[in-house]
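Working notes, structure below.
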Amino acid sequence: MGSIHDTHMSQYIPPTLFHCVTGTWTIAAGQVAGTICKHVAATDEASVITIPILLHSNSSALKGSHLVSIEIDFEILVAACDALAAVVNKVTRGADGAVAVVAAQTFTYDAGHDTASERIDVDQHKMTLTLSTPIWIDNDEYILVEITADKAATTTMDMLGAVANYTLRL
Amino acid sequence: MGYLHDTHMSQYIPPTAFHCVTGTYTDAAGAVSGTIAKHRAAAASTGVINIPIILPSNSIDLKGAYLKSVEVDYECLLAAATSITATMNKITRGADGSVAVVAAVTVTQDLTAATDAADEDQHKLTVTLTTPVWIDNDVEYLLVITAVCGGTVTIDLLGAVANFTLRS
């Protein structure tokens, strides 16, 4: 039996799978012709975008996907946000009759997003969240990245997609 | 070239990938802070949720993903539903100019449809294929949840997990 240990795996997660609440969200063309996005219209409000990390999991310890980092591509348009921050949550699924348990994971922002002002400006953003301790994803777990974007009255945003970087071991 | 055969593989399928008809469905925060849901508002009708099984397939016999079971996480709130029943469809994609062909797949569910699966509670419903299937590249699988609802019950669909063997 062979084995795989590849430290260079990545998984694209399209914006159509993003879970977006608070705000008027639509599927729209991106600013660059041929790209796609989830677009939120201008309103002074805090929108929450949750990105499900679509990776294989494995019930054997130290096998499957070892999540290392997540890159999120988005664009802030017209006006800067008032604030924008991310949380990485590990969700342990509940047994029948029990609730799920959510645990926030420690991570660092990339150098271009590690201050609040860098995350909110009108610009194209590629924000990388690197886990302080990468996670082997068990079959009873999944990972959600939650972005809270406190928009100004004229701010609009285009969420373009995300990429999860991981090691695959089988 | 190595050979891979792992019987412990699983794939999370988020609620944003679910296809929900009959009823009013919205993306909403889950009952537990930090979780997400596709929320069905109260309505006395039968909601139908199709869950696309997102696994790699393979055009070679006995290779790729061997689908064994699917677990569905959901919550019935405010009241019990009348019943929650799982079925599965195998869709053989049509050639250009041809329709797809649908065939029912025999499955069993671990929670009784009209009682344990439908009561006001958190649910982890495991649906097991009687005969596991190798997924061909021209085939896709949909798990169908039929939720017969009274006028009060709301449902939060939290996600699903497909359990499979990977061979390549």
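Just remember, in the structure tokens the first chain shown is A, the second B, etc., residues are 1-based per chain, and ligands are 1-based in the order shown.
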
### Query
Using the chain letters and numbers from this document, which residues of segment 8-159 of chain A does DSSP assign to alpha helix (DSSP H), as JSON, numbers by chain?
{"A": [116, 117, 118, 119, 120]}

### Task
Within 6 Å of chain A, which residues of chain B are there when counting only C-alpha atoms? Please give them as a VMD selection string.
chain B and resid 2 to 4 8 to 11 16 121 to 124

### Query
What does the distance between atom CA of Ile135 of chain A and atom CA of Ser117 of chain A come to in Å, to one decimal place?
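Value for the atom CA of Ile135 of chain A-atom CA of Ser117 of chain A distance: 28.9 Å.
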
### Message
Going by DSSP on the backbone, which residues of segment 9-168 of chain A come out as strand (DSSP E or B)? List them as number ranges by chain.
### Response
A: 9-13, 19-21, 25-29, 36-40, 46-52, 56-58, 64-77, 83-92, 101-105, 107-109, 123-136, 141-150, 156-168

Export, as a CSV table (one decimal), in the first residue's frame, the selected residues with C-alpha atoms.
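And here's out-v2.csv as it stands now:
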chain,number,residue,atom,x,y,z
A,9,MET,CA,-2.2,21.0,-1.4
A,10,SER,CA,-4.7,23.8,-1.8
A,11,GLN,CA,-8.5,23.9,-2.2
A,12,TYR,CA,-10.4,26.7,-3.9
A,13,ILE,CA,-13.7,27.6,-2.2
A,19,HIS,CA,-22.7,32.0,4.1
A,20,CYS,CA,-23.5,35.7,4.2
A,21,VAL,CA,-25.9,37.3,6.7
A,25,TRP,CA,-26.2,39.9,-0.8
A,26,THR,CA,-26.3,39.0,-4.5
A,27,ILE,CA,-24.4,36.8,-6.9
A,28,ALA,CA,-22.7,39.3,-9.2
A,29,ALA,CA,-19.9,39.6,-11.8
A,36,ILE,CA,-17.5,36.0,-9.9
A,37,CYS,CA,-18.4,37.3,-6.5
A,38,LYS,CA,-20.9,37.6,-3.8
A,39,HIS,CA,-21.6,41.3,-3.5
A,40,VAL,CA,-23.1,43.2,-0.6
A,46,ALA,CA,-22.0,44.7,10.3
A,47,SER,CA,-22.2,41.9,7.8
A,48,VAL,CA,-21.0,38.4,8.7
A,49,ILE,CA,-19.5,36.2,6.1
A,50,THR,CA,-18.8,32.6,7.1
A,51,ILE,CA,-16.6,30.5,4.8
A,52,PRO,CA,-16.9,26.7,5.1
A,56,HIS,CA,-11.5,15.9,3.3
A,57,SER,CA,-11.4,14.7,6.9
A,58,ASN,CA,-10.4,11.4,8.3
A,64,GLY,CA,-6.5,13.3,6.0
A,65,SER,CA,-6.2,17.1,5.8
A,66,HIS,CA,-3.8,19.1,8.0
A,67,LEU,CA,-5.1,22.7,7.6
A,68,VAL,CA,-2.3,25.2,7.7
A,69,SER,CA,-3.8,28.5,6.4
A,70,ILE,CA,-6.7,30.1,4.6
A,71,GLU,CA,-6.4,32.9,2.0
A,72,ILE,CA,-9.5,35.1,1.4
A,73,ASP,CA,-9.8,37.2,-1.7
A,74,PHE,CA,-12.2,40.2,-1.4
A,75,GLU,CA,-12.5,43.8,-2.5
A,76,ILE,CA,-13.7,46.8,-0.6
A,77,LEU,CA,-15.3,49.4,-2.9
A,83,ALA,CA,-13.7,47.6,10.9
A,84,LEU,CA,-13.0,44.1,9.6
A,85,ALA,CA,-11.8,41.1,11.6
A,86,ALA,CA,-11.7,37.3,11.1
A,87,VAL,CA,-12.2,34.4,13.4
A,88,VAL,CA,-11.3,30.7,12.7
A,89,ASN,CA,-13.7,28.3,14.4
A,90,LYS,CA,-13.4,24.6,14.8
A,91,VAL,CA,-16.8,23.1,15.1
A,92,THR,CA,-17.1,19.7,16.7
A,101,VAL,CA,-19.2,22.8,20.2
A,102,VAL,CA,-17.3,25.8,18.8
A,103,ALA,CA,-13.7,26.5,19.6
A,104,ALA,CA,-11.9,29.6,18.3
A,105,GLN,CA,-8.4,28.8,16.9
A,107,PHE,CA,-4.1,32.4,14.1
A,108,THR,CA,-2.0,35.3,12.7
A,109,TYR,CA,-2.9,37.7,9.9
A,123,ASP,CA,-8.6,48.0,-2.3
A,124,GLN,CA,-8.3,44.4,-3.5
A,125,HIS,CA,-7.4,42.2,-0.6
A,126,LYS,CA,-5.7,38.8,-0.3
A,127,MET,CA,-5.9,38.2,3.5
A,128,THR,CA,-4.0,35.2,4.8
A,129,LEU,CA,-4.9,33.6,8.1
A,130,THR,CA,-2.2,31.2,9.3
A,131,LEU,CA,-3.1,28.9,12.1
A,132,SER,CA,-0.7,29.0,15.0
A,133,THR,CA,-1.2,25.2,15.4
A,134,PRO,CA,-2.3,23.5,12.1
A,135,ILE,CA,-5.3,21.2,12.6
A,136,TRP,CA,-5.8,17.6,11.5
A,141,GLU,CA,-15.2,18.3,12.9
A,142,TYR,CA,-15.2,21.1,10.3
A,143,ILE,CA,-13.7,24.5,10.1
A,144,LEU,CA,-15.5,27.8,9.5
A,145,VAL,CA,-13.8,31.1,8.9
A,146,GLU,CA,-16.0,34.0,10.1
A,147,ILE,CA,-15.4,37.5,8.8
A,148,THR,CA,-17.2,40.4,10.4
A,149,ALA,CA,-17.2,43.5,8.2
A,150,ASP,CA,-18.5,46.6,9.8
A,156,THR,CA,-19.8,47.8,-0.9
A,157,MET,CA,-17.8,44.5,-0.9
A,158,ASP,CA,-17.1,41.8,-3.4
A,159,MET,CA,-16.2,38.4,-1.9
A,160,LEU,CA,-14.3,36.6,-4.6
A,161,GLY,CA,-13.4,33.3,-3.0
A,162,ALA,CA,-11.0,31.6,-0.7
A,163,VAL,CA,-8.2,29.0,-0.8
A,164,ALA,CA,-7.4,26.6,2.0
A,165,ASN,CA,-3.8,25.4,2.2
A,166,TYR,CA,-3.2,22.1,3.7
A,167,THR,CA,-1.1,18.9,3.9
A,168,LEU,CA,-2.7,15.8,2.6

### Query
To one decimal place, how far is atom CA of His5 of chain B from atom CA of Leu55 of chain B in Å?
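Between atom CA of His5 of chain B and atom CA of Leu55 of chain B the gap works out to 15.3 Å.
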
### Message
Could you list, as a PyMOL selection string, every residue within 9 Å of segment 126-143 of chain B, counting only C-alpha atoms and ignoring same-chain residues fewer than 4 positions away?
### Response
chain B and resi 49-73+86-94+105-111+164

### Query
Suppose you want the space between atom CA of Glu45 of chain A and atom CA of Gly159 of chain B; what is it in Å?
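So the answer is 27.1 Å.
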
Contacts of segment 22-38 of chain B at 6 Å (only C-alpha atoms; same-chain gap of 5+ positions) as a PDB file with N, CA and C atoms, in the first residue's frame:
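The resulting file, out_21.pdb, is shown below:
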ATOM      1  N   PRO B  15     -24.092  23.750   4.581  1.00  0.00           N
ATOM      2  CA  PRO B  15     -25.500  24.000   4.236  1.00  0.00           C
ATOM      3  C   PRO B  15     -25.660  24.932   3.038  1.00  0.00           C
ATOM      4  N   GLY B  47     -41.111  20.421   3.112  1.00  0.00           N
ATOM      5  CA  GLY B  47     -39.868  20.916   2.535  1.00  0.00           C
ATOM      6  C   GLY B  47     -39.034  19.771   1.975  1.00  0.00           C
ATOM      7  N   ASP B 156     -33.247  24.178  11.338  1.00  0.00           N
ATOM      8  CA  ASP B 156     -31.907  24.660  11.002  1.00  0.00           C
ATOM      9  C   ASP B 156     -31.127  23.496  10.414  1.00  0.00           C
ATOM     10  N   LEU B 157     -30.715  23.634   9.172  1.00  0.00           N
ATOM     11  CA  LEU B 157     -29.880  22.626   8.521  1.00  0.00           C
ATOM     12  C   LEU B 157     -28.437  23.064   8.691  1.00  0.00           C
ATOM     13  N   LEU B 158     -27.665  22.248   9.399  1.00  0.00           N
ATOM     14  CA  LEU B 158     -26.312  22.664   9.800  1.00  0.00           C
ATOM     15  C   LEU B 158     -25.220  22.185   8.853  1.00  0.00           C
TER      16      LEU B 158
END
